[in-house]
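A short worksheet on the structure shown next.
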Amino acid sequence: MLTKTIKTKSSQETYDFGKHLGEALGFPLVIFLRGEMGAGKTVFAKGFVKGMGIDDEVTSPTYTIVNEYGDPPRVFHFDLYRLQDGGELYEMGFEDYLNQEGTLILEWPDLLLDDSFEHKLEITLKSDFRSPDDREIILATSDAKIEQLLSDC
């Protein structure tokens, strides 16, 4: 498993790194996006979506559970915080999203029991409370294709 840590010093740098990653990972994958509230998950997602060449306004899907970006949709951004269990996610048609050959960004993914996705990248954002704009972005994957691209980032 490859693990890589990136440090950013502002929201703009977090956005820019997300954008850079979106440009580099221009193929369908599943991203497990972790971090406490306020850690910068949505800022990162905004940059990632932009990096994939999509100009849609990116917002947190806290209340909608999922937001779709692109025309036709190529990125599906989920916030699973309000769900009780993985069954709820599948009841709302999660498998349909998996079958659309898009990139899935999953915030609060820990309720998923099946995490054997073909191309999966785990991203954890940590904020440093001594300096509120500093972020540590930890990338981890066992996917050979993603590992190769991350080694070039």
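A note on labels: chains of the structure tokens are A, B, ... as shown, every chain counts residues from 1, and ligands are counted from 1 in their shown order.
If you count only C-alpha atoms and ignore residues fewer than 4 places along the chain from region 34-47 of chain A, what sits within 6 Å of it is Thr14, Tyr15, Asp16, Gly18, Lys19, Val58, Ser60, Glu107, Trp108, Thr124, Leu125, Lys126 and Ser127 of chain A.
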Which residues, written as a PyMOL selection string, have at least one atom at most 6 Å from Pro28 (chain A), with only C-alpha atoms counted and residues fewer than 2 positions away on the same chain left out?
chain A and resi 101-103
Separation of CA of Lys145 (chain A) from CA of Leu33 (chain A), in Å and rounded to one decimal:
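Computed distance, CA of Lys145 (chain A) to CA of Leu33 (chain A), equals 18.8 Å.
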Give me the residues near His119 (chain A) as a PyMOL selection string, where near means some atom within 7 Å (using only C-alpha atoms) and where sequence neighbours in that chain fewer than 5 positions away do not count.
chain A and resi 29-30+143
Among region 5-124 of chain A, which ones does DSSP assign to strand (DSSP E) (computed from the backbone)? Answer as a list in words.
Thr5, Ile6, Lys7, Thr8, Val30, Ile31, Phe32, Leu33, Arg34, Val66, Asn67, Glu68, Tyr69, Val75, Phe76, His77, Phe78, Asp79, Thr103, Leu104, Ile105, Leu106, Glu107, Lys120, Leu121, Glu122, Ile123 and Thr124 of chain A
Based on the selection just made, write N, CA and C atoms of those residues as a short mmCIF file (atom, residue, chain, number, x, y, z; two decimals), in the first residue's frame.
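Output contents, as saved in again23.cif:
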data_model
loop_
_atom_site.label_atom_id
_atom_site.label_comp_id
_atom_site.auth_asym_id
_atom_site.auth_seq_id
_atom_site.Cartn_x
_atom_site.Cartn_y
_atom_site.Cartn_z
N THR A 5 1.85 11.85 2.12
CA THR A 5 1.31 12.97 2.90
C THR A 5 1.68 14.28 2.22
N ILE A 6 0.68 15.13 2.06
CA ILE A 6 0.84 16.47 1.49
C ILE A 6 0.43 17.47 2.56
N LYS A 7 1.18 18.55 2.69
CA LYS A 7 0.81 19.60 3.64
C LYS A 7 0.42 20.85 2.86
N THR A 8 -0.71 21.45 3.27
CA THR A 8 -1.13 22.71 2.66
C THR A 8 -1.24 23.75 3.75
N VAL A 30 -13.16 5.38 -6.92
CA VAL A 30 -13.90 5.65 -5.70
C VAL A 30 -12.93 6.28 -4.71
N ILE A 31 -13.33 7.44 -4.17
CA ILE A 31 -12.50 8.14 -3.19
C ILE A 31 -13.21 8.10 -1.84
N PHE A 32 -12.54 7.53 -0.85
CA PHE A 32 -13.02 7.60 0.53
C PHE A 32 -12.42 8.88 1.10
N LEU A 33 -13.25 9.87 1.40
CA LEU A 33 -12.79 11.17 1.86
C LEU A 33 -13.13 11.31 3.34
N ARG A 34 -12.09 11.32 4.16
CA ARG A 34 -12.27 11.37 5.61
C ARG A 34 -11.74 12.68 6.18
N VAL A 66 -26.34 13.16 -1.96
CA VAL A 66 -25.49 13.05 -3.14
C VAL A 66 -25.71 14.25 -4.06
N ASN A 67 -24.60 14.77 -4.59
CA ASN A 67 -24.64 15.80 -5.62
C ASN A 67 -23.95 15.23 -6.85
N GLU A 68 -24.48 15.55 -8.02
CA GLU A 68 -23.92 15.07 -9.28
C GLU A 68 -23.31 16.25 -10.02
N TYR A 69 -22.13 16.02 -10.61
CA TYR A 69 -21.43 17.07 -11.33
C TYR A 69 -21.05 16.59 -12.72
N VAL A 75 -19.06 12.91 -11.89
CA VAL A 75 -18.62 12.85 -10.49
C VAL A 75 -19.86 12.84 -9.61
N PHE A 76 -19.87 11.91 -8.66
CA PHE A 76 -20.98 11.77 -7.72
C PHE A 76 -20.40 11.94 -6.32
N HIS A 77 -20.81 13.00 -5.65
CA HIS A 77 -20.24 13.40 -4.36
C HIS A 77 -21.25 13.07 -3.26
N PHE A 78 -20.93 12.10 -2.44
CA PHE A 78 -21.82 11.62 -1.37
C PHE A 78 -21.36 12.13 -0.01
N ASP A 79 -22.31 12.43 0.85
CA ASP A 79 -22.04 12.69 2.26
C ASP A 79 -22.88 11.68 3.04
N THR A 103 -16.67 8.92 -11.21
CA THR A 103 -15.89 8.96 -9.98
C THR A 103 -16.83 9.23 -8.82
N LEU A 104 -16.71 8.46 -7.76
CA LEU A 104 -17.51 8.63 -6.57
C LEU A 104 -16.63 9.18 -5.45
N ILE A 105 -17.03 10.31 -4.89
CA ILE A 105 -16.36 10.88 -3.73
C ILE A 105 -17.27 10.61 -2.54
N LEU A 106 -16.80 9.83 -1.57
CA LEU A 106 -17.63 9.41 -0.44
C LEU A 106 -17.09 10.02 0.85
N GLU A 107 -17.79 11.03 1.37
CA GLU A 107 -17.46 11.58 2.67
C GLU A 107 -18.10 10.70 3.74
N LYS A 120 -9.64 2.43 -5.83
CA LYS A 120 -10.02 3.15 -4.62
C LYS A 120 -8.83 3.93 -4.08
N LEU A 121 -9.12 5.18 -3.70
CA LEU A 121 -8.12 6.04 -3.08
C LEU A 121 -8.71 6.54 -1.78
N GLU A 122 -7.97 6.39 -0.70
CA GLU A 122 -8.40 6.91 0.59
C GLU A 122 -7.67 8.22 0.86
N ILE A 123 -8.44 9.26 1.19
CA ILE A 123 -7.87 10.58 1.47
C ILE A 123 -8.37 11.02 2.84
N THR A 124 -7.45 11.37 3.71
CA THR A 124 -7.80 11.87 5.04
C THR A 124 -7.24 13.28 5.18
#
Select from chain A everything DSSP, run on the backbone, classes as helix (DSSP H, G or I), then give the selection as a PDB file with N, CA and C atoms, in the first residue's frame.
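Saved the output as result29.pdb:
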ATOM      1  N   SER A  11      -6.668  27.335   2.490  1.00  0.00           N
ATOM      2  CA  SER A  11      -7.776  26.713   1.758  1.00  0.00           C
ATOM      3  C   SER A  11      -7.462  26.686   0.269  1.00  0.00           C
ATOM      4  N   GLN A  12      -6.841  27.748  -0.234  1.00  0.00           N
ATOM      5  CA  GLN A  12      -6.498  27.806  -1.655  1.00  0.00           C
ATOM      6  C   GLN A  12      -5.524  26.690  -2.027  1.00  0.00           C
ATOM      7  N   GLU A  13      -4.538  26.423  -1.174  1.00  0.00           N
ATOM      8  CA  GLU A  13      -3.594  25.336  -1.455  1.00  0.00           C
ATOM      9  C   GLU A  13      -4.293  23.978  -1.408  1.00  0.00           C
ATOM     10  N   THR A  14      -5.250  23.806  -0.504  1.00  0.00           N
ATOM     11  CA  THR A  14      -6.011  22.559  -0.434  1.00  0.00           C
ATOM     12  C   THR A  14      -6.830  22.390  -1.710  1.00  0.00           C
ATOM     13  N   TYR A  15      -7.494  23.467  -2.143  1.00  0.00           N
ATOM     14  CA  TYR A  15      -8.249  23.468  -3.401  1.00  0.00           C
ATOM     15  C   TYR A  15      -7.321  23.137  -4.576  1.00  0.00           C
ATOM     16  N   ASP A  16      -6.160  23.802  -4.622  1.00  0.00           N
ATOM     17  CA  ASP A  16      -5.219  23.602  -5.724  1.00  0.00           C
ATOM     18  C   ASP A  16      -4.717  22.170  -5.782  1.00  0.00           C
ATOM     19  N   PHE A  17      -4.442  21.559  -4.612  1.00  0.00           N
ATOM     20  CA  PHE A  17      -3.994  20.166  -4.623  1.00  0.00           C
ATOM     21  C   PHE A  17      -5.125  19.256  -5.101  1.00  0.00           C
ATOM     22  N   GLY A  18      -6.362  19.522  -4.657  1.00  0.00           N
ATOM     23  CA  GLY A  18      -7.501  18.747  -5.147  1.00  0.00           C
ATOM     24  C   GLY A  18      -7.618  18.853  -6.659  1.00  0.00           C
ATOM     25  N   LYS A  19      -7.440  20.053  -7.180  1.00  0.00           N
ATOM     26  CA  LYS A  19      -7.512  20.275  -8.633  1.00  0.00           C
ATOM     27  C   LYS A  19      -6.419  19.489  -9.351  1.00  0.00           C
ATOM     28  N   HIS A  20      -5.203  19.563  -8.828  1.00  0.00           N
ATOM     29  CA  HIS A  20      -4.079  18.828  -9.411  1.00  0.00           C
ATOM     30  C   HIS A  20      -4.369  17.324  -9.438  1.00  0.00           C
ATOM     31  N   LEU A  21      -4.926  16.810  -8.350  1.00  0.00           N
ATOM     32  CA  LEU A  21      -5.245  15.387  -8.272  1.00  0.00           C
ATOM     33  C   LEU A  21      -6.360  15.027  -9.261  1.00  0.00           C
ATOM     34  N   GLY A  22      -7.369  15.899  -9.379  1.00  0.00           N
ATOM     35  CA  GLY A  22      -8.445  15.656 -10.344  1.00  0.00           C
ATOM     36  C   GLY A  22      -7.935  15.601 -11.771  1.00  0.00           C
ATOM     37  N   GLU A  23      -6.953  16.442 -12.072  1.00  0.00           N
ATOM     38  CA  GLU A  23      -6.337  16.424 -13.410  1.00  0.00           C
ATOM     39  C   GLU A  23      -5.561  15.130 -13.632  1.00  0.00           C
ATOM     40  N   ALA A  24      -4.859  14.669 -12.604  1.00  0.00           N
ATOM     41  CA  ALA A  24      -4.015  13.477 -12.726  1.00  0.00           C
ATOM     42  C   ALA A  24      -4.836  12.188 -12.767  1.00  0.00           C
ATOM     43  N   LYS A  41     -12.918  19.026   3.542  1.00  0.00           N
ATOM     44  CA  LYS A  41     -13.355  18.023   2.569  1.00  0.00           C
ATOM     45  C   LYS A  41     -14.041  18.656   1.361  1.00  0.00           C
ATOM     46  N   THR A  42     -14.935  19.599   1.597  1.00  0.00           N
ATOM     47  CA  THR A  42     -15.654  20.230   0.490  1.00  0.00           C
ATOM     48  C   THR A  42     -14.718  21.097  -0.343  1.00  0.00           C
ATOM     49  N   VAL A  43     -13.796  21.801   0.287  1.00  0.00           N
ATOM     50  CA  VAL A  43     -12.817  22.609  -0.451  1.00  0.00           C
ATOM     51  C   VAL A  43     -11.991  21.702  -1.360  1.00  0.00           C
ATOM     52  N   PHE A  44     -11.542  20.577  -0.814  1.00  0.00           N
ATOM     53  CA  PHE A  44     -10.791  19.608  -1.608  1.00  0.00           C
ATOM     54  C   PHE A  44     -11.635  19.100  -2.771  1.00  0.00           C
ATOM     55  N   ALA A  45     -12.904  18.737  -2.495  1.00  0.00           N
ATOM     56  CA  ALA A  45     -13.797  18.221  -3.536  1.00  0.00           C
ATOM     57  C   ALA A  45     -14.020  19.253  -4.639  1.00  0.00           C
ATOM     58  N   LYS A  46     -14.140  20.523  -4.275  1.00  0.00           N
ATOM     59  CA  LYS A  46     -14.305  21.590  -5.274  1.00  0.00           C
ATOM     60  C   LYS A  46     -13.119  21.599  -6.238  1.00  0.00           C
ATOM     61  N   GLY A  47     -11.924  21.524  -5.683  1.00  0.00           N
ATOM     62  CA  GLY A  47     -10.738  21.504  -6.522  1.00  0.00           C
ATOM     63  C   GLY A  47     -10.665  20.256  -7.383  1.00  0.00           C
ATOM     64  N   PHE A  48     -10.991  19.111  -6.806  1.00  0.00           N
ATOM     65  CA  PHE A  48     -10.934  17.841  -7.539  1.00  0.00           C
ATOM     66  C   PHE A  48     -11.880  17.877  -8.733  1.00  0.00           C
ATOM     67  N   VAL A  49     -13.110  18.325  -8.505  1.00  0.00           N
ATOM     68  CA  VAL A  49     -14.110  18.382  -9.583  1.00  0.00           C
ATOM     69  C   VAL A  49     -13.633  19.337 -10.678  1.00  0.00           C
ATOM     70  N   LYS A  50     -13.112  20.479 -10.290  1.00  0.00           N
ATOM     71  CA  LYS A  50     -12.589  21.442 -11.268  1.00  0.00           C
ATOM     72  C   LYS A  50     -11.451  20.817 -12.067  1.00  0.00           C
ATOM     73  N   GLY A  51     -10.584  20.077 -11.392  1.00  0.00           N
ATOM     74  CA  GLY A  51      -9.468  19.408 -12.053  1.00  0.00           C
ATOM     75  C   GLY A  51      -9.908  18.374 -13.065  1.00  0.00           C
ATOM     76  N   GLY A  86     -25.043   1.082   5.927  1.00  0.00           N
ATOM     77  CA  GLY A  86     -24.802   0.919   4.499  1.00  0.00           C
ATOM     78  C   GLY A  86     -26.025   0.478   3.723  1.00  0.00           C
ATOM     79  N   GLY A  87     -26.949  -0.215   4.397  1.00  0.00           N
ATOM     80  CA  GLY A  87     -28.172  -0.652   3.725  1.00  0.00           C
ATOM     81  C   GLY A  87     -28.973   0.515   3.179  1.00  0.00           C
ATOM     82  N   GLU A  88     -29.013   1.618   3.930  1.00  0.00           N
ATOM     83  CA  GLU A  88     -29.728   2.811   3.467  1.00  0.00           C
ATOM     84  C   GLU A  88     -29.145   3.329   2.158  1.00  0.00           C
ATOM     85  N   LEU A  89     -27.844   3.277   2.047  1.00  0.00           N
ATOM     86  CA  LEU A  89     -27.176   3.754   0.845  1.00  0.00           C
ATOM     87  C   LEU A  89     -27.570   2.906  -0.366  1.00  0.00           C
ATOM     88  N   TYR A  90     -27.585   1.607  -0.182  1.00  0.00           N
ATOM     89  CA  TYR A  90     -27.955   0.724  -1.291  1.00  0.00           C
ATOM     90  C   TYR A  90     -29.444   0.836  -1.616  1.00  0.00           C
ATOM     91  N   GLU A  91     -30.268   1.114  -0.615  1.00  0.00           N
ATOM     92  CA  GLU A  91     -31.705   1.312  -0.860  1.00  0.00           C
ATOM     93  C   GLU A  91     -31.960   2.540  -1.729  1.00  0.00           C
ATOM     94  N   PHE A  94     -27.363   3.127  -4.666  1.00  0.00           N
ATOM     95  CA  PHE A  94     -25.918   3.291  -4.750  1.00  0.00           C
ATOM     96  C   PHE A  94     -25.309   2.461  -5.882  1.00  0.00           C
ATOM     97  N   GLU A  95     -25.818   1.252  -6.092  1.00  0.00           N
ATOM     98  CA  GLU A  95     -25.274   0.406  -7.154  1.00  0.00           C
ATOM     99  C   GLU A  95     -25.450   1.052  -8.524  1.00  0.00           C
ATOM    100  N   ASP A  96     -26.540   1.805  -8.707  1.00  0.00           N
ATOM    101  CA  ASP A  96     -26.739   2.511  -9.976  1.00  0.00           C
ATOM    102  C   ASP A  96     -25.621   3.523 -10.212  1.00  0.00           C
ATOM    103  N   TYR A  97     -25.206   4.215  -9.155  1.00  0.00           N
ATOM    104  CA  TYR A  97     -24.103   5.167  -9.283  1.00  0.00           C
ATOM    105  C   TYR A  97     -22.797   4.446  -9.610  1.00  0.00           C
ATOM    106  N   LEU A  98     -22.578   3.295  -8.988  1.00  0.00           N
ATOM    107  CA  LEU A  98     -21.358   2.521  -9.257  1.00  0.00           C
ATOM    108  C   LEU A  98     -21.292   2.083 -10.715  1.00  0.00           C
ATOM    109  N   PRO A 109     -17.181   7.566   4.808  1.00  0.00           N
ATOM    110  CA  PRO A 109     -17.433   6.280   4.150  1.00  0.00           C
ATOM    111  C   PRO A 109     -17.417   5.061   5.067  1.00  0.00           C
ATOM    112  N   ASP A 110     -17.202   5.249   6.361  1.00  0.00           N
ATOM    113  CA  ASP A 110     -16.952   4.107   7.234  1.00  0.00           C
ATOM    114  C   ASP A 110     -18.127   3.154   7.402  1.00  0.00           C
ATOM    115  N   LEU A 111     -19.333   3.572   7.017  1.00  0.00           N
ATOM    116  CA  LEU A 111     -20.459   2.651   7.161  1.00  0.00           C
ATOM    117  C   LEU A 111     -20.534   1.647   6.010  1.00  0.00           C
ATOM    118  N   ALA A 144      -2.546  -0.254  -8.170  1.00  0.00           N
ATOM    119  CA  ALA A 144      -1.290  -0.014  -8.884  1.00  0.00           C
ATOM    120  C   ALA A 144      -1.385   1.199  -9.811  1.00  0.00           C
ATOM    121  N   LYS A 145      -2.508   1.367 -10.485  1.00  0.00           N
ATOM    122  CA  LYS A 145      -2.673   2.490 -11.412  1.00  0.00           C
ATOM    123  C   LYS A 145      -2.628   3.820 -10.651  1.00  0.00           C
ATOM    124  N   ILE A 146      -3.337   3.890  -9.519  1.00  0.00           N
ATOM    125  CA  ILE A 146      -3.346   5.115  -8.710  1.00  0.00           C
ATOM    126  C   ILE A 146      -1.971   5.335  -8.082  1.00  0.00           C
ATOM    127  N   GLU A 147      -1.329   4.258  -7.603  1.00  0.00           N
ATOM    128  CA  GLU A 147       0.015   4.383  -7.022  1.00  0.00           C
ATOM    129  C   GLU A 147       0.972   5.043  -8.004  1.00  0.00           C
ATOM    130  N   GLN A 148       0.936   4.615  -9.256  1.00  0.00           N
ATOM    131  CA  GLN A 148       1.833   5.172 -10.270  1.00  0.00           C
ATOM    132  C   GLN A 148       1.589   6.661 -10.449  1.00  0.00           C
ATOM    133  N   LEU A 149       0.328   7.066 -10.525  1.00  0.00           N
ATOM    134  CA  LEU A 149       0.002   8.471 -10.708  1.00  0.00           C
ATOM    135  C   LEU A 149       0.374   9.305  -9.487  1.00  0.00           C
ATOM    136  N   LEU A 150       0.176   8.742  -8.290  1.00  0.00           N
ATOM    137  CA  LEU A 150       0.520   9.472  -7.072  1.00  0.00           C
ATOM    138  C   LEU A 150       2.026   9.650  -6.916  1.00  0.00           C
ATOM    139  N   SER A 151       2.793   8.708  -7.410  1.00  0.00           N
ATOM    140  CA  SER A 151       4.247   8.830  -7.290  1.00  0.00           C
ATOM    141  C   SER A 151       4.756   9.998  -8.143  1.00  0.00           C
TER     142      SER A 151
END
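The smallest atom-to-atom distance between Leu2 (chain A) and any of A:Ala140, A:Asn99, A:Asp152, A:Pro61, using only C-alpha atoms, is found for A:Ala140.
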Atomic distance CA of Thr141 (chain A) - CA of Met1 (chain A), expressed in Å with one decimal
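Here the two named atoms are 5.6 Å from each other.
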Pick the closest to Gln100 (chain A) from A:Leu25, A:Leu83, A:Arg74, A:Phe117: which is it, counting only C-alpha atoms?
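Going through A:Leu25, A:Leu83, A:Arg74, A:Phe117 one by one, the smallest distance to Gln100 (chain A) is for A:Arg74.
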Separating CA of Leu112 (chain A) from CA of Leu80 (chain A), to the nearest tenth of an Å, is a gap of 9.3 Å
